[in-house]
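Student: Here's a structure for you.
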Amino acid sequence: MGKKFNCPVLISTCIILLIGMVGCSNTNTSPSPSTTSQPVQLSASTVISETLTYAKEIIVFAAAGTKPAIDEAAKLFEQKYGTGITVNYGGGGEVLSSMVLAKKGDIYIAPEQRFMNSAVQKGAIDASTTISSIAYMIPVIGVKERNPKNIQSLADLDQSGVKVVMGNPDTTALGEIGPQILQKAGVYDAVQQNIVTNASQVSAMITMLKTSQVDAGIIWHYFGTTAPDDIDIIWIPKEYVTGIGEIQAAISTYSEEVNTAQLFIELLASSEGKMIFQKNGYIVDRNEVDKFWTNRQ
């Protein structure tokens, strides 16, 4: 009689050998070209939360006319991401010069297109960089609260004894827009004799009005919201308004924290950021600007 084999033992042994061979094959060889692998799908939020790190600090050079809203947005950003934001304020041209001289800074926030164009020309902003428009400012006549000189129009700025402040055209958008408005209204020559100083930034103009150093000036409209106890505003007929402030933001060529800087700009341009600007008196709807300016391009 031939030998009898124990089938259960033989089958078990074969299975063990096959498992071992498969394990070795998976560990030491690559899948054949015909093998289709299914990658694990991760959501965008999962990838970002696991890979994105935020800078401890970013540096912003911003036009002084943006201060109320930028200060509030910076606090919100720090609460959300733990990133401190140092903001250097001044006239749009003033802070641009400071940034170029220092060759540092992550974001430049300009009061209007002219200064952003200058930033590109000076190499502070790359020409291919995305420039975000955030909000808008309208030039108005600003007077001390309760309007003690009873100024009601541009023509009233030429009254005897009225002291007028204007912006510096080299450092502020208002410094260029203000005289253009007076010229278009036909009162520049008459008002010029009452202009006692040209301020390097809008905050200095507001201080002069508050402290009665001057009686009137062409300022931004949002001060009627942010300083209602100190400043009254008189709207200028839109046919005389030659320009507006279009607040723009872009990442500088000096930035070493591009990802975090971009995130802050995205916050400013978001619905949440626009609510901050709107609350502080700025206009965030581009179409609304047409109510105050006829020269829309």
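As shown in the structure tokens, the chain order sets the letters A, B, ...; within each chain, residues go from 1, and ligands are also counted from 1 in the order they appear.
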Determine, for each residue of range 106-209 of chain A having at least one atom at most 12 Å from an atom of range 225-235 of chain A, the closest pair of atoms and their separation in Å to one decimal, counting only C-alpha atoms; order by chain and ascending number, as a Markdown table.

Tutor:
| residue | atom | partner | partner_atom | distance |
| --- | --- | --- | --- | --- |
| A:Ile138 | CA | A:Trp235 | CA | 8.9 |
| A:Pro139 | CA | A:Trp235 | CA | 8.0 |
| A:Val140 | CA | A:Trp235 | CA | 5.1 |
| A:Ile141 | CA | A:Ile234 | CA | 5.0 |
| A:Gly142 | CA | A:Ile233 | CA | 4.6 |
| A:Val143 | CA | A:Asp232 | CA | 5.4 |
| A:Lys144 | CA | A:Ile231 | CA | 4.9 |
| A:Glu145 | CA | A:Ile231 | CA | 4.5 |
| A:Arg146 | CA | A:Asp232 | CA | 6.8 |
| A:Asn147 | CA | A:Asp232 | CA | 6.8 |
| A:Pro148 | CA | A:Asp232 | CA | 10.4 |
| A:Lys149 | CA | A:Asp232 | CA | 11.8 |
| A:Asn150 | CA | A:Ile234 | CA | 10.7 |
| A:Ile151 | CA | A:Ile234 | CA | 8.3 |
| A:Gln152 | CA | A:Ile234 | CA | 6.6 |
| A:Ser153 | CA | A:Ile234 | CA | 7.2 |
| A:Leu154 | CA | A:Ile234 | CA | 9.2 |
| A:Asp156 | CA | A:Ile234 | CA | 11.4 |
| A:Leu157 | CA | A:Ile234 | CA | 11.9 |
| A:Ser203 | CA | A:Ala227 | CA | 11.3 |
| A:Met205 | CA | A:Ile231 | CA | 11.0 |
| A:Ile206 | CA | A:Ile231 | CA | 7.9 |
| A:Thr207 | CA | A:Asp230 | CA | 9.5 |
| A:Met208 | CA | A:Ile231 | CA | 10.8 |
| A:Leu209 | CA | A:Ile231 | CA | 7.5 |

Student: Would you list the contacts of range 62-78 of chain A as a PDB file with N, CA and C atoms, in the first residue's frame, taking every protein, DNA or RNA residue within 9 Å and counting only C-alpha atoms, but skipping same-chain residues closer than 2 positions in sequence?

Tutor:
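Dumped to around10.pdb:
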ATOM      1  N   VAL A  60       3.797  95.292   8.051  1.00  0.00           N
ATOM      2  CA  VAL A  60       2.958  95.959   7.052  1.00  0.00           C
ATOM      3  C   VAL A  60       3.321  97.440   6.995  1.00  0.00           C
ATOM      4  N   LYS A  80      -6.896  84.746  15.389  1.00  0.00           N
ATOM      5  CA  LYS A  80      -7.165  83.553  14.581  1.00  0.00           C
ATOM      6  C   LYS A  80      -5.924  82.685  14.370  1.00  0.00           C
ATOM      7  N   TYR A  81      -4.786  83.335  14.106  1.00  0.00           N
ATOM      8  CA  TYR A  81      -3.612  82.582  13.661  1.00  0.00           C
ATOM      9  C   TYR A  81      -2.390  82.712  14.565  1.00  0.00           C
ATOM     10  N   GLY A  82      -2.485  83.577  15.579  1.00  0.00           N
ATOM     11  CA  GLY A  82      -1.359  83.719  16.496  1.00  0.00           C
ATOM     12  C   GLY A  82      -0.214  84.532  15.927  1.00  0.00           C
ATOM     13  N   THR A  83      -0.428  85.196  14.805  1.00  0.00           N
ATOM     14  CA  THR A  83       0.613  85.997  14.162  1.00  0.00           C
ATOM     15  C   THR A  83       0.472  87.465  14.560  1.00  0.00           C
ATOM     16  N   GLY A  84       1.545  88.018  15.111  1.00  0.00           N
ATOM     17  CA  GLY A  84       1.538  89.434  15.426  1.00  0.00           C
ATOM     18  C   GLY A  84       1.765  90.259  14.168  1.00  0.00           C
ATOM     19  N   ILE A  85       1.120  91.405  14.079  1.00  0.00           N
ATOM     20  CA  ILE A  85       1.274  92.259  12.902  1.00  0.00           C
ATOM     21  C   ILE A  85       1.761  93.636  13.344  1.00  0.00           C
ATOM     22  N   THR A  86       2.932  94.008  12.871  1.00  0.00           N
ATOM     23  CA  THR A  86       3.481  95.332  13.126  1.00  0.00           C
ATOM     24  C   THR A  86       3.160  96.207  11.926  1.00  0.00           C
ATOM     25  N   VAL A  87       2.437  97.314  12.164  1.00  0.00           N
ATOM     26  CA  VAL A  87       2.015  98.187  11.064  1.00  0.00           C
ATOM     27  C   VAL A  87       2.722  99.534  11.180  1.00  0.00           C
ATOM     28  N   ASN A  88       3.373  99.925  10.111  1.00  0.00           N
ATOM     29  CA  ASN A  88       4.002 101.239  10.024  1.00  0.00           C
ATOM     30  C   ASN A  88       3.091 102.137   9.186  1.00  0.00           C
ATOM     31  N   TYR A  89       2.529 103.187   9.818  1.00  0.00           N
ATOM     32  CA  TYR A  89       1.599 104.069   9.132  1.00  0.00           C
ATOM     33  C   TYR A  89       2.272 105.377   8.729  1.00  0.00           C
ATOM     34  N   GLY A  90       1.756 105.967   7.663  1.00  0.00           N
ATOM     35  CA  GLY A  90       2.230 107.260   7.201  1.00  0.00           C
ATOM     36  C   GLY A  90       1.546 107.591   5.890  1.00  0.00           C
ATOM     37  N   GLY A  91       1.954 108.675   5.257  1.00  0.00           N
ATOM     38  CA  GLY A  91       1.441 108.965   3.932  1.00  0.00           C
ATOM     39  C   GLY A  91       1.779 107.821   2.991  1.00  0.00           C
ATOM     40  N   GLY A  92       0.953 107.623   1.953  1.00  0.00           N
ATOM     41  CA  GLY A  92       1.180 106.498   1.047  1.00  0.00           C
ATOM     42  C   GLY A  92       2.577 106.487   0.456  1.00  0.00           C
ATOM     43  N   GLY A  93       3.064 107.658   0.034  1.00  0.00           N
ATOM     44  CA  GLY A  93       4.412 107.751  -0.508  1.00  0.00           C
ATOM     45  C   GLY A  93       5.469 107.688   0.579  1.00  0.00           C
ATOM     46  N   GLU A  94       5.133 108.199   1.748  1.00  0.00           N
ATOM     47  CA  GLU A  94       6.059 108.226   2.881  1.00  0.00           C
ATOM     48  C   GLU A  94       6.424 106.817   3.331  1.00  0.00           C
ATOM     49  N   VAL A  95       5.411 105.958   3.531  1.00  0.00           N
ATOM     50  CA  VAL A  95       5.697 104.597   3.986  1.00  0.00           C
ATOM     51  C   VAL A  95       6.322 103.747   2.881  1.00  0.00           C
ATOM     52  N   LEU A  96       5.996 104.054   1.628  1.00  0.00           N
ATOM     53  CA  LEU A  96       6.634 103.338   0.524  1.00  0.00           C
ATOM     54  C   LEU A  96       8.135 103.620   0.513  1.00  0.00           C
ATOM     55  N   ILE A 107       3.936  93.414   3.443  1.00  0.00           N
ATOM     56  CA  ILE A 107       2.769  93.906   2.701  1.00  0.00           C
ATOM     57  C   ILE A 107       2.849  95.424   2.585  1.00  0.00           C
ATOM     58  N   TYR A 108       2.482  95.922   1.407  1.00  0.00           N
ATOM     59  CA  TYR A 108       2.314  97.362   1.215  1.00  0.00           C
ATOM     60  C   TYR A 108       0.841  97.629   0.965  1.00  0.00           C
ATOM     61  N   ILE A 109       0.276  98.592   1.714  1.00  0.00           N
ATOM     62  CA  ILE A 109      -1.127  98.986   1.536  1.00  0.00           C
ATOM     63  C   ILE A 109      -1.149 100.446   1.112  1.00  0.00           C
ATOM     64  N   ALA A 110      -1.578 100.673  -0.128  1.00  0.00           N
ATOM     65  CA  ALA A 110      -1.546 102.002  -0.735  1.00  0.00           C
ATOM     66  C   ALA A 110      -2.922 102.655  -0.680  1.00  0.00           C
ATOM     67  N   PRO A 111      -2.966 104.004  -0.676  1.00  0.00           N
ATOM     68  CA  PRO A 111      -4.255 104.707  -0.645  1.00  0.00           C
ATOM     69  C   PRO A 111      -4.890 104.864  -2.014  1.00  0.00           C
ATOM     70  N   MET A 137     -12.269 105.434  -0.403  1.00  0.00           N
ATOM     71  CA  MET A 137     -12.392 106.637   0.422  1.00  0.00           C
ATOM     72  C   MET A 137     -12.757 107.817  -0.482  1.00  0.00           C
ATOM     73  N   THR A 172       0.812 112.054   0.066  1.00  0.00           N
ATOM     74  CA  THR A 172      -0.586 111.663   0.274  1.00  0.00           C
ATOM     75  C   THR A 172      -1.395 111.767  -1.017  1.00  0.00           C
ATOM     76  N   GLN A 201       0.606 113.589   6.161  1.00  0.00           N
ATOM     77  CA  GLN A 201      -0.344 112.478   6.248  1.00  0.00           C
ATOM     78  C   GLN A 201      -1.673 112.964   6.809  1.00  0.00           C
ATOM     79  N   VAL A 202      -2.709 112.199   6.537  1.00  0.00           N
ATOM     80  CA  VAL A 202      -4.063 112.635   6.889  1.00  0.00           C
ATOM     81  C   VAL A 202      -4.263 112.745   8.394  1.00  0.00           C
ATOM     82  N   SER A 203      -3.589 111.910   9.161  1.00  0.00           N
ATOM     83  CA  SER A 203      -3.751 111.975  10.623  1.00  0.00           C
ATOM     84  C   SER A 203      -3.313 113.329  11.172  1.00  0.00           C
ATOM     85  N   TRP A 220     -10.641 112.550   4.143  1.00  0.00           N
ATOM     86  CA  TRP A 220     -11.444 111.400   3.710  1.00  0.00           C
ATOM     87  C   TRP A 220     -12.757 111.344   4.469  1.00  0.00           C
ATOM     88  N   THR A 226     -15.387 107.674  12.226  1.00  0.00           N
ATOM     89  CA  THR A 226     -14.395 107.314  13.243  1.00  0.00           C
ATOM     90  C   THR A 226     -14.100 108.430  14.235  1.00  0.00           C
ATOM     91  N   GLY A 245      -9.856 107.596  -3.087  1.00  0.00           N
ATOM     92  CA  GLY A 245      -8.841 106.713  -2.542  1.00  0.00           C
ATOM     93  C   GLY A 245      -9.282 105.265  -2.723  1.00  0.00           C
ATOM     94  N   ILE A 247      -8.122 101.769  -1.753  1.00  0.00           N
ATOM     95  CA  ILE A 247      -7.158 101.082  -0.889  1.00  0.00           C
ATOM     96  C   ILE A 247      -6.767  99.754  -1.524  1.00  0.00           C
ATOM     97  N   ALA A 249      -3.792  96.434  -1.633  1.00  0.00           N
ATOM     98  CA  ALA A 249      -2.793  95.707  -0.853  1.00  0.00           C
ATOM     99  C   ALA A 249      -2.084  94.689  -1.732  1.00  0.00           C
ATOM    100  N   PHE A 264      -3.235  87.264   5.285  1.00  0.00           N
ATOM    101  CA  PHE A 264      -3.757  88.510   5.850  1.00  0.00           C
ATOM    102  C   PHE A 264      -4.476  89.330   4.777  1.00  0.00           C
ATOM    103  N   LEU A 267      -7.813  87.933   4.247  1.00  0.00           N
ATOM    104  CA  LEU A 267      -8.747  88.341   5.309  1.00  0.00           C
ATOM    105  C   LEU A 267      -9.299  89.737   5.016  1.00  0.00           C
ATOM    106  N   LEU A 268      -8.423  90.659   4.633  1.00  0.00           N
ATOM    107  CA  LEU A 268      -8.866  92.030   4.344  1.00  0.00           C
ATOM    108  C   LEU A 268      -9.887  92.062   3.213  1.00  0.00           C
ATOM    109  N   GLY A 273     -13.508  90.872   6.381  1.00  0.00           N
ATOM    110  CA  GLY A 273     -12.657  92.059   6.343  1.00  0.00           C
ATOM    111  C   GLY A 273     -13.413  93.280   5.863  1.00  0.00           C
ATOM    112  N   ILE A 276     -15.408  94.939   8.483  1.00  0.00           N
ATOM    113  CA  ILE A 276     -14.610  95.790   9.364  1.00  0.00           C
ATOM    114  C   ILE A 276     -14.452  97.172   8.744  1.00  0.00           C
ATOM    115  N   PHE A 277     -14.119  97.209   7.461  1.00  0.00           N
ATOM    116  CA  PHE A 277     -13.965  98.500   6.787  1.00  0.00           C
ATOM    117  C   PHE A 277     -15.279  99.270   6.761  1.00  0.00           C
ATOM    118  N   GLN A 278     -16.361  98.570   6.458  1.00  0.00           N
ATOM    119  CA  GLN A 278     -17.663  99.230   6.386  1.00  0.00           C
ATOM    120  C   GLN A 278     -18.073  99.810   7.731  1.00  0.00           C
ATOM    121  N   LYS A 279     -17.809  99.068   8.791  1.00  0.00           N
ATOM    122  CA  LYS A 279     -18.144  99.529  10.138  1.00  0.00           C
ATOM    123  C   LYS A 279     -17.390 100.816  10.489  1.00  0.00           C
ATOM    124  N   ASN A 280     -16.191 100.953   9.930  1.00  0.00           N
ATOM    125  CA  ASN A 280     -15.377 102.132  10.197  1.00  0.00           C
ATOM    126  C   ASN A 280     -15.621 103.261   9.197  1.00  0.00           C
ATOM    127  N   TYR A 282     -15.792 103.196   5.755  1.00  0.00           N
ATOM    128  CA  TYR A 282     -15.290 103.086   4.387  1.00  0.00           C
ATOM    129  C   TYR A 282     -16.382 102.521   3.467  1.00  0.00           C
TER     130      TYR A 282
END

Student: Mind checking which residues fall within 12 Å of Val289 in chain A, counting only C-alpha atoms, ignoring those fewer than 3 positions away in the same chain, and posting them as a list in words?

Tutor: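 Listed by chain and then number, they are Ala135, Tyr136, Met137, Ile138, Pro139, His221, Lys238, Val241, Gly243, Ile244, Gly245, Glu246, Tyr282, Ile283, Val284, Asp285, Arg286, Phe292, Trp293, Thr294, Asn295, Arg296 and Gln297 of chain A.
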
Student: Determine which residues of range 16-260 of chain A DSSP labels as strand (DSSP E or B) from the backbone of this structure, then write them out as a ChimeraX atom specification.

Tutor: /A:57-63,84-90,107-110,132-137,139-144,164-167,195-199,216-220,231-234,245-251

Student: Hey, which of A:Tyr240, A:Phe61, A:Phe223, A:Tyr254 ends up closest to Ala185 in chain A? Count only C-alpha atoms.

Tutor: A:Tyr240

Student: If you count only C-alpha atoms, which residues fall within 8 Å of Thr260 in chain A, apart from same-chain ones fewer than 3 positions away, as JSON, numbers by chain?

Tutor: {"A": [54, 55, 58, 257, 263, 264]}

Student: Restricting it to C-alpha atoms, dump the selection as a short mmCIF file (atom, residue, chain, number, x, y, z; two decimals), in the first residue's frame.

Tutor:
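Final file, out-v9.cif:
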data_model
loop_
_atom_site.label_atom_id
_atom_site.label_comp_id
_atom_site.auth_asym_id
_atom_site.auth_seq_id
_atom_site.Cartn_x
_atom_site.Cartn_y
_atom_site.Cartn_z
CA TYR A 54 2.07 80.73 10.34
CA ALA A 55 4.75 83.31 10.88
CA ILE A 58 4.57 90.04 9.65
CA GLU A 257 6.64 85.25 5.04
CA LEU A 263 -3.48 85.04 4.29
CA PHE A 264 -3.76 88.51 5.85
#

Student: Please report the interatomic distance between CA of Lys122 in chain A and CA of Met166 in chain A in Å with one decimal.

Tutor: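 Separating CA of Lys122 in chain A from CA of Met166 in chain A is a distance of 26.3 Å.
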